[in-house]
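Undergrad: One file: coords.tsv (TSV, C-alpha atoms).
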chain	number	residue	atom	x	y	z
A	768	MET	CA	16.57	-1.39	-3.83
A	769	GLU	CA	17.06	2.06	-5.30
A	770	VAL	CA	13.90	3.53	-6.80
A	771	PRO	CA	14.55	6.10	-9.55
A	772	LYS	CA	13.60	9.60	-8.40
A	773	GLN	CA	11.63	10.18	-11.60
A	774	ALA	CA	9.39	7.18	-10.85
A	775	ARG	CA	5.70	7.97	-10.48
A	776	PHE	CA	4.58	7.94	-6.86
A	777	TYR	CA	8.27	7.93	-5.83
A	778	ALA	CA	7.57	8.95	-2.23
A	779	ALA	CA	5.13	6.05	-1.74
A	780	HIS	CA	8.05	3.62	-1.77
A	781	PHE	CA	9.35	5.02	1.50
A	782	LYS	CA	6.22	3.84	3.32
A	783	LEU	CA	7.30	0.25	2.84
A	784	ASP	CA	10.69	1.05	4.37
A	785	LEU	CA	9.00	2.77	7.31
A	786	ILE	CA	6.70	-0.21	7.90
A	787	ALA	CA	9.71	-2.57	7.82
A	788	GLN	CA	11.60	-0.46	10.37
A	789	ALA	CA	8.57	-0.08	12.63
A	790	THR	CA	7.91	-3.83	12.48
A	791	GLU	CA	11.35	-4.47	13.96
A	792	MET	CA	10.45	-2.30	16.97
A	793	LEU	CA	6.88	-3.47	17.56
A	794	GLN	CA	5.43	-6.55	19.20
A	795	SER	CA	3.19	-8.65	16.96
A	796	ASN	CA	0.04	-7.44	18.75
A	797	ASP	CA	1.01	-3.72	18.64
A	798	MET	CA	-0.98	-1.55	16.28
A	799	LEU	CA	0.85	0.29	13.53
A	800	LEU	CA	-1.09	3.19	12.04
A	801	LEU	CA	0.58	5.10	9.23
A	802	LEU	CA	-1.06	8.32	8.07
A	803	ASP	CA	0.02	10.60	5.23
A	804	THR	CA	1.49	13.93	6.25
A	805	ASP	CA	-1.70	15.68	5.15
A	806	MET	CA	-3.85	13.51	7.44
A	807	ALA	CA	-4.70	13.98	11.09
A	808	ALA	CA	-6.37	11.55	13.49
A	809	LEU	CA	-8.49	13.68	15.80
A	810	ARG	CA	-10.95	11.16	17.19
A	811	LYS	CA	-10.86	7.72	18.73
A	812	LEU	CA	-10.75	4.99	16.10
A	813	ASP	CA	-14.18	3.48	15.56
A	814	ASP	CA	-14.62	0.07	17.22
A	815	ASP	CA	-16.19	-1.33	14.03
A	816	LEU	CA	-13.20	-0.14	11.99
A	817	LEU	CA	-10.84	-1.84	14.44
A	818	ARG	CA	-12.89	-5.06	14.32
A	819	ARG	CA	-12.86	-5.07	10.50
A	820	ARG	CA	-9.10	-4.38	10.54
A	821	ARG	CA	-8.51	-7.35	12.85
A	822	THR	CA	-10.67	-9.59	10.66
A	823	ALA	CA	-9.01	-8.51	7.40
A	824	GLY	CA	-5.51	-8.23	8.89
A	825	ILE	CA	-5.04	-4.75	7.46
A	826	GLY	CA	-6.74	-1.38	7.30
A	827	VAL	CA	-6.32	0.53	4.05
A	828	PHE	CA	-7.94	3.39	2.19
A	829	ASP	CA	-9.32	2.26	-1.17
A	830	ILE	CA	-8.99	5.18	-3.59
A	831	SER	CA	-9.83	3.21	-6.74
A	832	ASP	CA	-12.85	5.47	-7.30
A	833	GLN	CA	-10.47	8.44	-7.55
A	834	VAL	CA	-7.53	6.89	-9.43
A	835	PHE	CA	-9.34	4.80	-12.06
A	836	PRO	CA	-11.41	7.67	-13.57
A	837	THR	CA	-8.50	10.13	-13.35
A	838	TYR	CA	-5.94	7.98	-15.18
A	839	GLY	CA	-8.35	5.66	-17.02
A	840	CYS	CA	-9.47	2.21	-15.87
A	841	GLU	CA	-7.78	0.32	-18.68
A	842	ARG	CA	-4.46	2.09	-18.11
A	843	VAL	CA	-4.46	1.66	-14.32
A	844	ILE	CA	-5.52	-1.99	-14.43
A	845	GLY	CA	-2.97	-2.67	-17.17
A	846	ASP	CA	-0.19	-1.15	-15.06
A	847	LEU	CA	-1.29	-3.04	-11.93
A	848	GLU	CA	-1.31	-6.32	-13.85
A	849	THR	CA	2.07	-5.57	-15.44
A	850	VAL	CA	3.62	-5.05	-12.01
A	851	ALA	CA	1.82	-8.08	-10.54
A	852	GLY	CA	2.88	-10.24	-13.49
A	853	ARG	CA	-0.60	-11.73	-13.77
A	854	ARG	CA	-4.27	-10.96	-14.32
A	855	LEU	CA	-6.00	-9.57	-11.25
A	856	ALA	CA	-9.49	-10.78	-10.32
A	857	SER	CA	-10.40	-7.52	-8.57
A	858	PRO	CA	-7.86	-4.77	-9.23
A	859	ARG	CA	-7.90	-2.03	-6.58
A	860	TRP	CA	-5.73	1.01	-5.86
A	861	TYR	CA	-5.03	1.60	-2.19
A	862	GLY	CA	-3.78	5.02	-1.14
A	863	GLY	CA	-1.28	5.64	1.58
A	864	GLU	CA	-3.47	8.12	3.41
A	865	PHE	CA	-4.32	5.42	5.94
A	866	LEU	CA	-2.40	2.18	6.30
A	867	SER	CA	-2.62	-0.12	9.30
A	868	PRO	CA	-1.34	-3.68	8.83
A	869	GLU	CA	-1.92	-6.02	11.74
A	870	GLY	CA	1.16	-7.68	13.26
A	871	ARG	CA	0.82	-11.01	11.48
A	872	ARG	CA	0.28	-9.26	8.14
A	873	ARG	CA	3.16	-6.76	8.37
A	874	VAL	CA	5.85	-9.26	7.35
A	875	HIS	CA	3.72	-10.47	4.43
A	876	LEU	CA	3.09	-6.87	3.36
A	877	ILE	CA	6.83	-6.08	3.51
A	878	ARG	CA	7.81	-9.16	1.48
A	879	THR	CA	5.08	-8.68	-1.12
A	880	GLY	CA	5.65	-4.93	-1.29
A	881	SER	CA	9.40	-5.40	-1.76
A	882	SER	CA	8.81	-7.86	-4.57
A	883	LEU	CA	6.32	-5.50	-6.24
A	884	ARG	CA	8.67	-2.55	-5.77
A	885	GLN	CA	11.36	-4.49	-7.62
A	886	SER	CA	8.87	-5.44	-10.34
A	887	THR	CA	7.72	-1.81	-10.61
A	888	VAL	CA	11.28	-0.60	-11.17
A	889	GLU	CA	12.03	-3.39	-13.65
A	890	GLU	CA	8.79	-2.81	-15.59
A	891	SER	CA	8.78	1.00	-15.32
A	892	HIS	CA	9.56	1.35	-19.04
A	893	ARG	CA	6.27	-0.47	-19.82
A	894	LEU	CA	4.06	1.46	-17.37
A	895	GLN	CA	1.92	4.24	-18.79
Could you take the file, read its structure, and then write that structure out as structure tokens?
TA:
Amino acid sequence: MEVPKQARFYAAHFKLDLIAQATEMLQSNDMLLLLDTDMAALRKLDDDLLRRRRTAGIGVFDISDQVFPTYGCERVIGDLETVAGRRLASPRWYGGEFLSPEGRRRVHLIRTGSSLRQSTVEESHRLQ
């Protein structure tokens, strides 16, 4: 699906494509760790972080505390719910600075992300 270049957070859409391509090359138990270009991993990953990632099926960086106040809670939640097509019990904004879906969750993330990408493009005229 073609994402309009003027779309907000345009570059973020490429992460989904990268995860899809990497998933084709990896075994289900291989770790995928995607960092933004302005991030660097200099130390061993914390064992507790890895345990929580395995339990949750994904490691992400929750930046809700940065995005909600900057753009306004009502606006951000409204846009998230517009794209989701439903009310969200606990709306969160996850940044791409750190993304590590576990093998069994990668396919789900790709399918859901592709659906939401399509919804984002279709609803872009309604997003603030």
Undergrad: Which is closer to Ala807 (chain A) than all the others in A:Glu864, A:Glu889, A:Ala823, A:Arg872, using all atoms listed in the file?
TA: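 Using all atoms listed in the file, Ala807 (chain A) sits closest to A:Glu864.
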Undergrad: If you measure from CA of Gln833 (chain A) to CA of Gly862 (chain A), what distance in Å do you get, rounded to one decimal?
TA: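 Calculated distance between CA of Gln833 (chain A) and CA of Gly862 (chain A) is 9.9 Å.
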Undergrad: Could you name the residues that touch Ala789 (chain A) at 12 Å or less, counting only C-alpha atoms, but leaving out those on the same chain fewer than 5 positions away, as a PDB file with C-alpha atoms, in the coordinates of the input?
TA:
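New file selection.pdb:
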ATOM      1  CA  LYS A 782       6.220   3.840   3.320  1.00  0.00           C
ATOM      2  CA  LEU A 783       7.300   0.250   2.840  1.00  0.00           C
ATOM      3  CA  ASP A 784      10.690   1.050   4.370  1.00  0.00           C
ATOM      4  CA  GLN A 794       5.430  -6.550  19.200  1.00  0.00           C
ATOM      5  CA  SER A 795       3.190  -8.650  16.960  1.00  0.00           C
ATOM      6  CA  ASP A 797       1.010  -3.720  18.640  1.00  0.00           C
ATOM      7  CA  MET A 798      -0.980  -1.550  16.280  1.00  0.00           C
ATOM      8  CA  LEU A 799       0.850   0.290  13.530  1.00  0.00           C
ATOM      9  CA  LEU A 800      -1.090   3.190  12.040  1.00  0.00           C
ATOM     10  CA  LEU A 801       0.580   5.100   9.230  1.00  0.00           C
ATOM     11  CA  SER A 867      -2.620  -0.120   9.300  1.00  0.00           C
ATOM     12  CA  PRO A 868      -1.340  -3.680   8.830  1.00  0.00           C
ATOM     13  CA  GLY A 870       1.160  -7.680  13.260  1.00  0.00           C
ATOM     14  CA  ARG A 873       3.160  -6.760   8.370  1.00  0.00           C
ATOM     15  CA  VAL A 874       5.850  -9.260   7.350  1.00  0.00           C
ATOM     16  CA  ILE A 877       6.830  -6.080   3.510  1.00  0.00           C
TER      17      ILE A 877
END
Undergrad: Grab the CA of Glu769 (chain A) to CA of Asp846 (chain A) distance for me, in Å with one decimal place.
TA: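 It comes out at 20.1 Å.
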Undergrad: Neighbouring residues of region 825-832 of chain A were defined as those with any atom within 6 Å, considering only C-alpha atoms; residues of the same chain fewer than 4 positions away were excluded. Please report them as a short mmCIF file (atom, residue, chain, number, x, y, z; two decimals) with C-alpha atoms, in the coordinates of the input.
TA:
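File produced: selection.cif:
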data_model
loop_
_atom_site.label_atom_id
_atom_site.label_comp_id
_atom_site.auth_asym_id
_atom_site.auth_seq_id
_atom_site.Cartn_x
_atom_site.Cartn_y
_atom_site.Cartn_z
CA ARG A 820 -9.10 -4.38 10.54
CA ARG A 859 -7.90 -2.03 -6.58
CA TRP A 860 -5.73 1.01 -5.86
CA TYR A 861 -5.03 1.60 -2.19
CA GLY A 862 -3.78 5.02 -1.14
CA PHE A 865 -4.32 5.42 5.94
CA LEU A 866 -2.40 2.18 6.30
CA SER A 867 -2.62 -0.12 9.30
CA PRO A 868 -1.34 -3.68 8.83
CA GLU A 869 -1.92 -6.02 11.74
#
Undergrad: Distance CA of Thr837 (chain A)-CA of Leu802 (chain A), one decimal place?
TA: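 Computed distance, CA of Thr837 (chain A) to CA of Leu802 (chain A), equals 22.7 Å.
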Undergrad: Determine the nearest neighbour of Arg893 (chain A) from the options A:Leu855, A:Val850, A:Ala787, A:Val834, counting all atoms listed in the file.
TA: A:Val850
Undergrad: At a cut-off of 12 Å, using all atoms listed in the file, what residues contact region 884-886 of chain A? Leave out same-chain residues fewer than 4 positions from it and give the result as an mmCIF file with C-alpha atoms, in the coordinates of the input.
TA:
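Output file part-v3.cif follows:
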data_model
loop_
_atom_site.group_PDB
_atom_site.id
_atom_site.type_symbol
_atom_site.label_atom_id
_atom_site.label_comp_id
_atom_site.auth_asym_id
_atom_site.auth_seq_id
_atom_site.Cartn_x
_atom_site.Cartn_y
_atom_site.Cartn_z
ATOM 1 C CA MET A 768 16.570 -1.390 -3.830
ATOM 2 C CA GLU A 769 17.060 2.060 -5.300
ATOM 3 C CA VAL A 770 13.900 3.530 -6.800
ATOM 4 C CA PRO A 771 14.550 6.100 -9.550
ATOM 5 C CA ALA A 774 9.390 7.180 -10.850
ATOM 6 C CA ARG A 775 5.700 7.970 -10.480
ATOM 7 C CA PHE A 776 4.580 7.940 -6.860
ATOM 8 C CA TYR A 777 8.270 7.930 -5.830
ATOM 9 C CA ALA A 779 5.130 6.050 -1.740
ATOM 10 C CA HIS A 780 8.050 3.620 -1.770
ATOM 11 C CA PHE A 781 9.350 5.020 1.500
ATOM 12 C CA LYS A 782 6.220 3.840 3.320
ATOM 13 C CA LEU A 783 7.300 0.250 2.840
ATOM 14 C CA ASP A 784 10.690 1.050 4.370
ATOM 15 C CA ASP A 846 -0.190 -1.150 -15.060
ATOM 16 C CA LEU A 847 -1.290 -3.040 -11.930
ATOM 17 C CA GLU A 848 -1.310 -6.320 -13.850
ATOM 18 C CA THR A 849 2.070 -5.570 -15.440
ATOM 19 C CA VAL A 850 3.620 -5.050 -12.010
ATOM 20 C CA ALA A 851 1.820 -8.080 -10.540
ATOM 21 C CA GLY A 852 2.880 -10.240 -13.490
ATOM 22 C CA ARG A 853 -0.600 -11.730 -13.770
ATOM 23 C CA LEU A 876 3.090 -6.870 3.360
ATOM 24 C CA ILE A 877 6.830 -6.080 3.510
ATOM 25 C CA ARG A 878 7.810 -9.160 1.480
ATOM 26 C CA THR A 879 5.080 -8.680 -1.120
ATOM 27 C CA GLY A 880 5.650 -4.930 -1.290
ATOM 28 C CA GLU A 890 8.790 -2.810 -15.590
ATOM 29 C CA SER A 891 8.780 1.000 -15.320
ATOM 30 C CA HIS A 892 9.560 1.350 -19.040
ATOM 31 C CA ARG A 893 6.270 -0.470 -19.820
ATOM 32 C CA LEU A 894 4.060 1.460 -17.370
#
